[in-house]
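What follows is the content of input_37.csv (CSV, C-alpha atoms).
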chain,number,residue,atom,x,y,z
A,1,MET,CA,0.0,0.0,0.0
A,2,THR,CA,2.9,2.3,0.5
A,3,THR,CA,3.5,2.7,-3.3
A,4,ALA,CA,-0.2,3.0,-4.0
A,5,HIS,CA,-0.1,6.7,-4.4
A,6,ALA,CA,2.9,6.7,-6.7
A,7,GLU,CA,1.5,4.2,-9.1
A,8,PRO,CA,-2.3,4.4,-9.0
A,9,ALA,CA,-2.7,2.6,-12.3
A,10,ASN,CA,-1.3,-0.5,-10.9
A,11,GLY,CA,-4.6,-2.1,-10.0
A,12,THR,CA,-5.3,0.3,-7.2
A,13,LEU,CA,-7.3,2.9,-9.1
A,14,PRO,CA,-10.5,1.8,-11.0
A,15,HIS,CA,-10.8,2.1,-14.7
A,16,GLU,CA,-12.9,5.3,-14.6
A,17,PRO,CA,-12.0,6.7,-11.2
A,18,GLU,CA,-14.4,9.6,-11.6
A,19,LYS,CA,-17.3,7.2,-11.6
A,20,ALA,CA,-16.0,4.8,-9.0
A,21,THR,CA,-17.8,6.3,-6.0
A,22,LEU,CA,-21.4,7.3,-5.6
A,23,GLU,CA,-20.1,10.8,-4.7
A,24,GLY,CA,-18.2,10.9,-7.9
A,25,ARG,CA,-21.2,9.8,-10.0
A,26,ASN,CA,-23.4,12.3,-8.3
A,27,LYS,CA,-20.9,15.1,-9.0
A,28,VAL,CA,-20.9,14.3,-12.7
A,29,LEU,CA,-24.7,14.0,-12.8
A,30,ALA,CA,-25.3,17.3,-10.9
A,31,PHE,CA,-22.8,19.0,-13.1
A,32,TRP,CA,-24.9,18.1,-16.1
A,33,LEU,CA,-27.9,19.8,-14.4
A,34,PHE,CA,-25.7,22.8,-13.8
A,35,LEU,CA,-24.7,22.8,-17.5
A,36,GLY,CA,-28.4,22.7,-18.4
A,37,GLY,CA,-28.8,25.8,-16.3
A,38,GLU,CA,-25.8,27.4,-18.0
A,39,ALA,CA,-27.4,26.7,-21.4
A,40,VAL,CA,-30.4,28.7,-20.2
A,41,LEU,CA,-28.2,31.5,-19.0
A,42,PHE,CA,-26.3,31.8,-22.2
A,43,GLY,CA,-29.6,31.3,-24.2
A,44,THR,CA,-31.1,34.4,-22.6
A,45,LEU,CA,-27.9,36.4,-23.3
A,46,PHE,CA,-28.0,35.3,-26.9
A,47,ALA,CA,-31.7,36.2,-27.1
A,48,THR,CA,-30.9,39.7,-25.8
A,49,PHE,CA,-28.0,40.1,-28.2
A,50,LEU,CA,-30.1,38.9,-31.2
A,51,ALA,CA,-32.9,41.3,-30.3
A,52,LEU,CA,-30.5,44.3,-30.0
A,53,ARG,CA,-27.7,43.6,-32.4
A,54,ASN,CA,-28.8,46.2,-34.9
A,55,GLN,CA,-29.5,49.0,-32.4
A,56,THR,CA,-26.1,50.7,-32.9
A,57,ASN,CA,-27.2,54.2,-31.7
A,58,GLU,CA,-24.9,55.7,-34.3
A,59,GLY,CA,-22.0,53.9,-32.8
A,60,PRO,CA,-19.9,51.2,-34.7
A,61,SER,CA,-21.9,48.3,-36.2
A,62,ALA,CA,-20.8,44.7,-36.1
A,63,ASN,CA,-19.7,44.8,-39.7
A,64,GLU,CA,-17.4,47.8,-39.1
A,65,LEU,CA,-16.1,46.5,-35.8
A,66,PHE,CA,-15.1,42.9,-36.1
A,67,HIS,CA,-11.8,41.6,-37.5
A,68,LEU,CA,-12.2,37.9,-38.6
A,69,PRO,CA,-8.5,36.9,-38.3
A,70,LEU,CA,-8.5,37.7,-34.5
A,71,VAL,CA,-11.7,35.8,-34.0
A,72,ALA,CA,-10.4,32.9,-36.1
A,73,ALA,CA,-7.2,32.7,-33.9
A,74,ALA,CA,-9.3,32.8,-30.7
A,75,THR,CA,-11.6,30.0,-32.1
A,76,PHE,CA,-8.6,27.9,-33.0
A,77,ILE,CA,-6.9,28.3,-29.6
A,78,LEU,CA,-10.1,27.3,-27.7
A,79,LEU,CA,-10.8,24.4,-30.0
A,80,VAL,CA,-7.2,23.0,-29.4
A,81,SER,CA,-7.7,23.5,-25.7
A,82,SER,CA,-10.8,21.4,-25.8
A,83,LEU,CA,-8.8,18.7,-27.4
A,84,THR,CA,-6.0,18.9,-24.9
A,85,SER,CA,-8.6,18.5,-22.1
A,86,VAL,CA,-9.9,15.4,-23.8
A,87,PHE,CA,-6.3,14.1,-23.8
A,88,ALA,CA,-6.0,15.0,-20.1
A,89,ILE,CA,-9.0,12.8,-19.2
A,90,GLN,CA,-7.6,9.9,-21.4
A,91,ALA,CA,-4.3,10.2,-19.5
A,92,MET,CA,-6.3,10.1,-16.2
A,93,HIS,CA,-8.1,6.9,-17.3
A,94,ARG,CA,-4.8,5.3,-17.9
A,95,GLY,CA,-3.6,6.5,-14.5
A,96,ARG,CA,-0.7,8.5,-16.0
A,97,VAL,CA,-0.5,11.4,-13.6
A,98,ALA,CA,2.4,13.3,-15.2
A,99,GLN,CA,0.7,13.2,-18.6
A,100,LEU,CA,-2.6,14.3,-17.0
A,101,ARG,CA,-0.8,17.3,-15.3
A,102,ASN,CA,0.9,18.3,-18.6
A,103,TRP,CA,-2.3,18.2,-20.6
A,104,LEU,CA,-4.1,20.2,-17.9
A,105,LEU,CA,-1.2,22.7,-17.9
A,106,LEU,CA,-1.4,23.1,-21.7
A,107,THR,CA,-5.2,23.6,-21.4
A,108,VAL,CA,-4.7,26.4,-18.9
A,109,LEU,CA,-2.0,28.0,-21.1
A,110,LEU,CA,-4.3,27.9,-24.2
A,111,GLY,CA,-7.1,29.3,-22.0
A,112,LEU,CA,-4.8,32.2,-21.0
A,113,GLY,CA,-4.0,32.8,-24.7
A,114,PHE,CA,-7.7,33.0,-25.5
A,115,LEU,CA,-8.3,35.3,-22.7
A,116,GLY,CA,-5.4,37.5,-23.7
A,117,LEU,CA,-6.8,37.9,-27.2
A,118,GLU,CA,-10.2,38.8,-25.9
A,119,ILE,CA,-8.8,41.4,-23.5
A,120,TYR,CA,-6.8,42.8,-26.4
A,121,GLU,CA,-9.9,42.9,-28.6
A,122,PHE,CA,-12.0,44.7,-26.0
A,123,ALA,CA,-9.3,47.2,-25.3
A,124,GLU,CA,-9.0,48.0,-29.0
A,125,TYR,CA,-12.7,48.5,-29.3
A,126,ILE,CA,-12.8,50.8,-26.3
A,127,ARG,CA,-9.7,52.9,-27.1
A,128,HIS,CA,-9.8,53.1,-30.9
A,129,GLU,CA,-13.4,52.4,-32.0
A,130,ASN,CA,-15.3,54.4,-29.3
A,131,PHE,CA,-17.2,51.2,-28.6
A,132,GLY,CA,-17.8,51.0,-24.8
A,133,MET,CA,-20.3,49.3,-22.7
A,134,THR,CA,-22.7,52.2,-22.8
A,135,THR,CA,-22.3,53.2,-26.5
A,136,SER,CA,-25.4,51.4,-27.8
A,137,ALA,CA,-27.8,48.6,-27.0
A,138,PHE,CA,-25.7,46.5,-29.4
A,139,SER,CA,-22.5,47.3,-27.5
A,140,SER,CA,-24.1,46.5,-24.1
A,141,ALA,CA,-25.5,43.2,-25.4
A,142,PHE,CA,-22.2,42.4,-27.1
A,143,TYR,CA,-20.0,43.0,-24.0
A,144,THR,CA,-22.5,41.2,-21.7
A,145,LEU,CA,-22.6,38.1,-23.9
A,146,VAL,CA,-19.0,37.8,-24.9
A,147,GLY,CA,-17.8,39.1,-21.5
A,148,PHE,CA,-19.8,36.5,-19.7
A,149,HIS,CA,-18.2,33.8,-21.8
A,150,GLY,CA,-14.8,35.4,-21.1
A,151,ALA,CA,-15.5,35.3,-17.4
A,152,HIS,CA,-16.3,31.6,-17.7
A,153,VAL,CA,-13.0,31.1,-19.4
A,154,ALA,CA,-11.2,33.0,-16.6
A,155,PHE,CA,-13.0,30.9,-14.0
A,156,GLY,CA,-12.1,27.7,-15.8
A,157,ILE,CA,-8.5,28.7,-15.9
A,158,LEU,CA,-8.4,29.3,-12.1
A,159,TRP,CA,-10.3,26.1,-11.4
A,160,ILE,CA,-8.1,23.9,-13.5
A,161,ALA,CA,-5.0,25.6,-12.1
A,162,VAL,CA,-6.1,24.9,-8.6
A,163,LEU,CA,-6.8,21.2,-9.5
A,164,ILE,CA,-3.3,20.9,-10.9
A,165,GLY,CA,-2.0,22.0,-7.5
A,166,GLN,CA,-4.3,19.6,-5.7
A,167,LEU,CA,-3.2,16.8,-8.1
A,168,ALA,CA,0.4,17.5,-7.1
A,169,ARG,CA,-0.4,17.4,-3.3
A,170,LYS,CA,-3.0,14.6,-3.1
A,171,GLY,CA,-2.3,12.6,-6.3
A,172,LEU,CA,-4.9,11.0,-8.5
A,173,THR,CA,-7.6,9.4,-6.3
A,174,VAL,CA,-11.3,8.6,-6.5
A,175,VAL,CA,-11.7,12.0,-4.7
A,176,THR,CA,-9.6,14.1,-7.1
A,177,ALA,CA,-10.6,12.3,-10.3
A,178,PRO,CA,-14.3,13.5,-10.4
A,179,LYS,CA,-13.1,17.1,-9.8
A,180,ILE,CA,-10.8,16.9,-12.8
A,181,TYR,CA,-13.5,15.1,-15.0
A,182,VAL,CA,-16.1,17.8,-14.1
A,183,SER,CA,-13.7,20.6,-14.9
A,184,ALA,CA,-13.1,19.1,-18.3
A,185,MET,CA,-16.8,19.0,-18.9
A,186,TYR,CA,-17.0,22.6,-18.0
A,187,TRP,CA,-14.2,23.4,-20.4
A,188,HIS,CA,-15.9,21.6,-23.3
A,189,PHE,CA,-19.1,23.5,-22.5
A,190,ILE,CA,-17.2,26.8,-22.7
A,191,ASP,CA,-15.9,25.7,-26.2
A,192,VAL,CA,-19.5,24.7,-27.2
A,193,VAL,CA,-20.7,28.2,-26.2
A,194,TRP,CA,-17.9,29.8,-28.1
A,195,VAL,CA,-19.0,27.9,-31.3
A,196,PHE,CA,-22.3,29.7,-31.1
A,197,ILE,CA,-20.6,33.1,-30.2
A,198,PHE,CA,-18.3,33.1,-33.2
A,199,THR,CA,-21.2,32.0,-35.4
A,200,VAL,CA,-24.0,34.2,-34.1
A,201,VAL,CA,-22.0,37.3,-32.9
A,202,TYR,CA,-19.0,37.5,-35.3
A,203,LEU,CA,-19.8,35.7,-38.5
A,204,LEU,CA,-23.5,36.7,-38.7
A,205,GLY,CA,-22.4,40.2,-37.7
A,206,LYS,CA,-20.3,40.3,-40.8
A,207,VAL,CA,-23.0,38.9,-43.0
A,208,GLY,CA,-25.5,41.5,-41.7
B,1,MET,CA,-9.2,-2.8,-28.7
B,2,ALA,CA,-12.8,-3.5,-27.9
B,3,THR,CA,-12.0,-6.5,-25.8
B,4,GLU,CA,-11.4,-6.6,-22.1
B,5,GLN,CA,-8.3,-8.5,-21.2
B,6,HIS,CA,-7.4,-10.0,-17.9
B,7,SER,CA,-3.8,-10.6,-17.0
B,8,GLN,CA,-2.6,-14.1,-16.6
B,9,GLU,CA,-1.5,-13.7,-13.0
B,10,GLY,CA,-5.2,-13.6,-12.0
B,11,VAL,CA,-4.5,-10.7,-9.5
B,12,VAL,CA,-6.4,-7.4,-9.4
B,13,LYS,CA,-4.4,-6.2,-12.3
B,14,HIS,CA,-7.2,-5.7,-14.9
B,15,ARG,CA,-6.5,-4.3,-18.3
B,16,HIS,CA,-9.6,-2.5,-19.4
B,17,ARG,CA,-10.0,-1.1,-22.8
B,18,HIS,CA,-8.9,2.4,-23.1
B,19,GLU,CA,-10.2,4.4,-26.0
B,20,GLY,CA,-7.4,5.8,-28.1
B,21,PRO,CA,-7.0,9.4,-29.2
B,22,GLN,CA,-7.9,8.6,-32.9
B,23,LYS,CA,-11.6,9.4,-32.8
B,24,HIS,CA,-11.1,12.5,-30.8
B,25,ILE,CA,-8.6,13.7,-33.4
B,26,VAL,CA,-11.2,12.9,-36.0
B,27,VAL,CA,-13.7,15.1,-34.1
B,28,PHE,CA,-11.1,17.8,-33.9
B,29,ILE,CA,-10.4,17.8,-37.6
B,30,PHE,CA,-14.1,17.7,-38.3
B,31,SER,CA,-14.6,20.7,-36.1
B,32,ILE,CA,-11.7,22.6,-37.8
B,33,VAL,CA,-13.2,21.9,-41.2
B,34,LEU,CA,-16.7,23.1,-40.2
B,35,THR,CA,-15.1,26.2,-38.7
B,36,LEU,CA,-13.1,26.9,-41.8
B,37,ILE,CA,-16.2,26.5,-44.0
B,38,ALA,CA,-18.1,29.0,-41.8
B,39,PHE,CA,-15.2,31.5,-41.8
B,40,ALA,CA,-14.5,31.1,-45.5
B,41,ALA,CA,-18.2,31.6,-46.5
B,42,VAL,CA,-18.1,34.9,-44.6
B,43,ALA,CA,-14.6,36.0,-45.6
B,44,ALA,CA,-15.2,35.3,-49.3
B,45,GLY,CA,-18.1,37.6,-49.4
B,46,GLY,CA,-20.8,37.7,-52.0
B,47,VAL,CA,-22.6,34.8,-50.4
B,48,ASN,CA,-26.4,35.3,-50.4
B,49,PRO,CA,-27.1,36.4,-46.8
B,50,ALA,CA,-30.1,34.1,-46.3
B,51,PHE,CA,-28.1,31.2,-47.5
B,52,ALA,CA,-25.1,32.2,-45.3
B,53,VAL,CA,-27.3,32.3,-42.2
B,54,VAL,CA,-28.5,28.8,-42.8
B,55,LEU,CA,-25.1,27.5,-43.7
B,56,LEU,CA,-23.4,29.1,-40.6
B,57,LEU,CA,-26.1,27.8,-38.2
B,58,VAL,CA,-25.9,24.3,-39.7
B,59,MET,CA,-22.1,24.3,-39.3
B,60,ALA,CA,-22.4,25.4,-35.6
B,61,VAL,CA,-25.1,22.9,-34.7
B,62,LEU,CA,-23.2,20.1,-36.3
B,63,GLN,CA,-20.0,21.0,-34.5
B,64,VAL,CA,-21.7,21.3,-31.2
B,65,PHE,CA,-23.5,18.0,-31.7
B,66,VAL,CA,-20.3,16.1,-32.4
B,67,GLN,CA,-18.3,17.8,-29.6
B,68,MET,CA,-21.0,17.1,-27.0
B,69,GLY,CA,-21.4,13.5,-28.3
B,70,PHE,CA,-17.8,12.5,-28.3
B,71,TRP,CA,-15.9,15.0,-26.1
B,72,MET,CA,-18.5,15.2,-23.4
B,73,HIS,CA,-19.5,11.5,-23.9
B,74,LEU,CA,-23.2,12.2,-24.4
B,75,LYS,CA,-23.3,9.4,-27.0
B,76,ASP,CA,-22.1,6.9,-24.5
B,77,ARG,CA,-24.3,4.5,-22.5
B,78,GLY,CA,-25.9,5.8,-19.3
B,79,HIS,CA,-26.2,9.4,-20.4
B,80,LEU,CA,-30.0,9.6,-20.7
B,81,ILE,CA,-30.5,11.9,-17.7
B,82,PRO,CA,-27.7,14.3,-18.8
B,83,ILE,CA,-29.2,14.4,-22.3
B,84,ILE,CA,-32.6,15.3,-20.7
B,85,PHE,CA,-30.9,18.0,-18.7
B,86,MET,CA,-29.2,19.5,-21.8
B,87,ILE,CA,-32.3,19.2,-24.0
B,88,GLY,CA,-34.3,21.0,-21.2
B,89,GLY,CA,-31.6,23.7,-21.1
B,90,PHE,CA,-31.5,24.1,-24.9
B,91,PHE,CA,-35.3,24.1,-25.0
B,92,VAL,CA,-35.6,27.1,-22.7
B,93,ALA,CA,-32.6,28.8,-24.4
B,94,GLY,CA,-34.3,28.3,-27.8
B,95,THR,CA,-37.6,29.6,-26.5
B,96,SER,CA,-35.9,32.7,-25.3
B,97,ILE,CA,-34.2,33.3,-28.7
B,98,ILE,CA,-37.4,32.7,-30.6
B,99,MET,CA,-39.2,35.1,-28.3
B,100,ALA,CA,-36.5,37.8,-28.9
B,101,LEU,CA,-36.5,37.3,-32.7
B,102,TYR,CA,-40.1,37.1,-33.4
B,103,TRP,CA,-41.9,38.7,-30.6
B,104,VAL,CA,-39.8,41.7,-29.7
B,105,TRP,CA,-39.6,42.8,-33.4
B,106,TRP,CA,-43.2,41.7,-34.3
B,107,ASP,CA,-44.8,44.5,-36.2
Would you mind writing the file's structure down as structure tokens?
Amino acid sequence: MTTAHAEPANGTLPHEPEKATLEGRNKVLAFWLFLGGEAVLFGTLFATFLALRNQTNEGPSANELFHLPLVAAATFILLVSSLTSVFAIQAMHRGRVAQLRNWLLLTVLLGLGFLGLEIYEFAEYIRHENFGMTTSAFSSAFYTLVGFHGAHVAFGILWIAVLIGQLARKGLTVVTAPKIYVSAMYWHFIDVVWVFIFTVVYLLGKVG
Amino acid sequence: MATEQHSQEGVVKHRHRHEGPQKHIVVFIFSIVLTLIAFAAVAAGGVNPAFAVVLLLVMAVLQVFVQMGFWMHLKDRGHLIPIIFMIGGFFVAGTSIIMALYWVWWD
């Protein structure tokens, strides 16, 4: 038992450690309920945005404002980070703690990259385009929707970073595994929301 | 790959099947292609706006469907309740959006 923590894959940790305990299964199930609620939250923000997206109040319109290369880069970064978090969970299922930590670290770094681009984008709009939170109904709806998503990314980064620390301290156990699994679900959901944001906000904004 | 092997020693050392990265890489490439189609359709310009809206929404829904199915494992067994949760969430979200589009601007 003394080496159990060093080599959890060696028959000491179940195949899917996140679902090995009732508590773990409950966490995953409850997190799906939370994600259903998140879908409602973002749905209402999308609804508000769609209702107000042409109310520019003589400020910049979506078509004048958005630069597709920046959005494409952010999209690519987030999509890759979703893949790295899949790989993190696959490493977890194999009990490979070092690999798991590295994939999580890469996910956090990509998340920081995405967040950096978004902060740069917002700063450009505010400083050079006179497009602030109170410029128009369109700007308020835009910053609320995209900013809410950015806040989710920021929270996800903090969350996964804390889990990396906990993984180093406590190792991979049936207690830490559900936390990591659930954080990966959250991260995928953030990516799913972004798919709708780049489509509805940016691309449809360019189409008109 | 699909079989569950047990080691010869007969001890607790089970070798369960682990899914490889292949299908997740396929999902990733699929997502990239759908994203590229969406961006290219807009960047090229000259696409009929009505057609572009439909094309973009189809690309987005397809991508979300595949990612939630494979990356969030909704296609796997034992995910009926999560699917019900998500359908419930998307139903309310969709209702809000329809409300905003067709009711707020109803003239």
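One distance worth recording is that between atom CA of A:Leu115 and atom CA of A:Thr75, which is 11.3 Å.
Atom CA of A:Tyr186 sits 17.8 Å away from atom CA of A:Gly113.
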Please list as an MDAnalysis selection string every residue within 12 Å of A:Gly36, counting all atoms listed in the file and excluding residues in the same chain fewer than 2 positions away. (chainID A and resid 29:34 38:43 186 189) or (chainID B and resid 81:93)
Residues of chain A near chain B: apply a cut-off of 9 Å, count only C-alpha atoms, and supply the list as a PyMOL selection string. chain A and resi 9-12+15+29-52+68+72+75-76+79-80+82-83+86-87+90+93-94+184-185+188-189+191-193+195-196+199-200+203-204+206-208
Just the number, please: distance in Å from atom CA of A:Phe142 to atom CA of A:Glu118, one decimal. 12.6 Å
List the neighbours of A:Ala137 out to 8 Å using only C-alpha atoms; skip same-chain residues closer than 5 positions along the sequence, and give me the result as a list of chain:residue names.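 Selected residues are A:Leu52, A:Arg53, A:Gln55, A:Thr56, A:Asn57.
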Skip stretch 175-177 of chain A itself and residues of its chain fewer than 6 positions away, then list as a CSV table (one decimal) with C-alpha atoms, keeping the file's coordinate frame all residues within 12 Å of it, counting all atoms listed in the file.
chain,number,residue,atom,x,y,z
A,8,PRO,CA,-2.3,4.4,-9.0
A,13,LEU,CA,-7.3,2.9,-9.1
A,14,PRO,CA,-10.5,1.8,-11.0
A,15,HIS,CA,-10.8,2.1,-14.7
A,16,GLU,CA,-12.9,5.3,-14.6
A,17,PRO,CA,-12.0,6.7,-11.2
A,18,GLU,CA,-14.4,9.6,-11.6
A,19,LYS,CA,-17.3,7.2,-11.6
A,20,ALA,CA,-16.0,4.8,-9.0
A,21,THR,CA,-17.8,6.3,-6.0
A,22,LEU,CA,-21.4,7.3,-5.6
A,23,GLU,CA,-20.1,10.8,-4.7
A,24,GLY,CA,-18.2,10.9,-7.9
A,25,ARG,CA,-21.2,9.8,-10.0
A,27,LYS,CA,-20.9,15.1,-9.0
A,28,VAL,CA,-20.9,14.3,-12.7
A,88,ALA,CA,-6.0,15.0,-20.1
A,89,ILE,CA,-9.0,12.8,-19.2
A,90,GLN,CA,-7.6,9.9,-21.4
A,91,ALA,CA,-4.3,10.2,-19.5
A,92,MET,CA,-6.3,10.1,-16.2
A,93,HIS,CA,-8.1,6.9,-17.3
A,94,ARG,CA,-4.8,5.3,-17.9
A,95,GLY,CA,-3.6,6.5,-14.5
A,97,VAL,CA,-0.5,11.4,-13.6
A,100,LEU,CA,-2.6,14.3,-17.0
A,160,ILE,CA,-8.1,23.9,-13.5
A,162,VAL,CA,-6.1,24.9,-8.6
A,163,LEU,CA,-6.8,21.2,-9.5
A,164,ILE,CA,-3.3,20.9,-10.9
A,165,GLY,CA,-2.0,22.0,-7.5
A,166,GLN,CA,-4.3,19.6,-5.7
A,167,LEU,CA,-3.2,16.8,-8.1
A,168,ALA,CA,0.4,17.5,-7.1
A,169,ARG,CA,-0.4,17.4,-3.3
A,183,SER,CA,-13.7,20.6,-14.9
A,184,ALA,CA,-13.1,19.1,-18.3
Counting all atoms listed in the file, the residue of A:Gly147, A:Pro69, A:Gly111, A:Gly116 that sits nearest A:Thr84: A:Gly111
Counting only C-alpha atoms, find residues at most 12 Å from (-24.0, 49.7, -26.4) (file frame) and give them as number ranges by chain. A: 49, 52-62, 125-126, 130-145
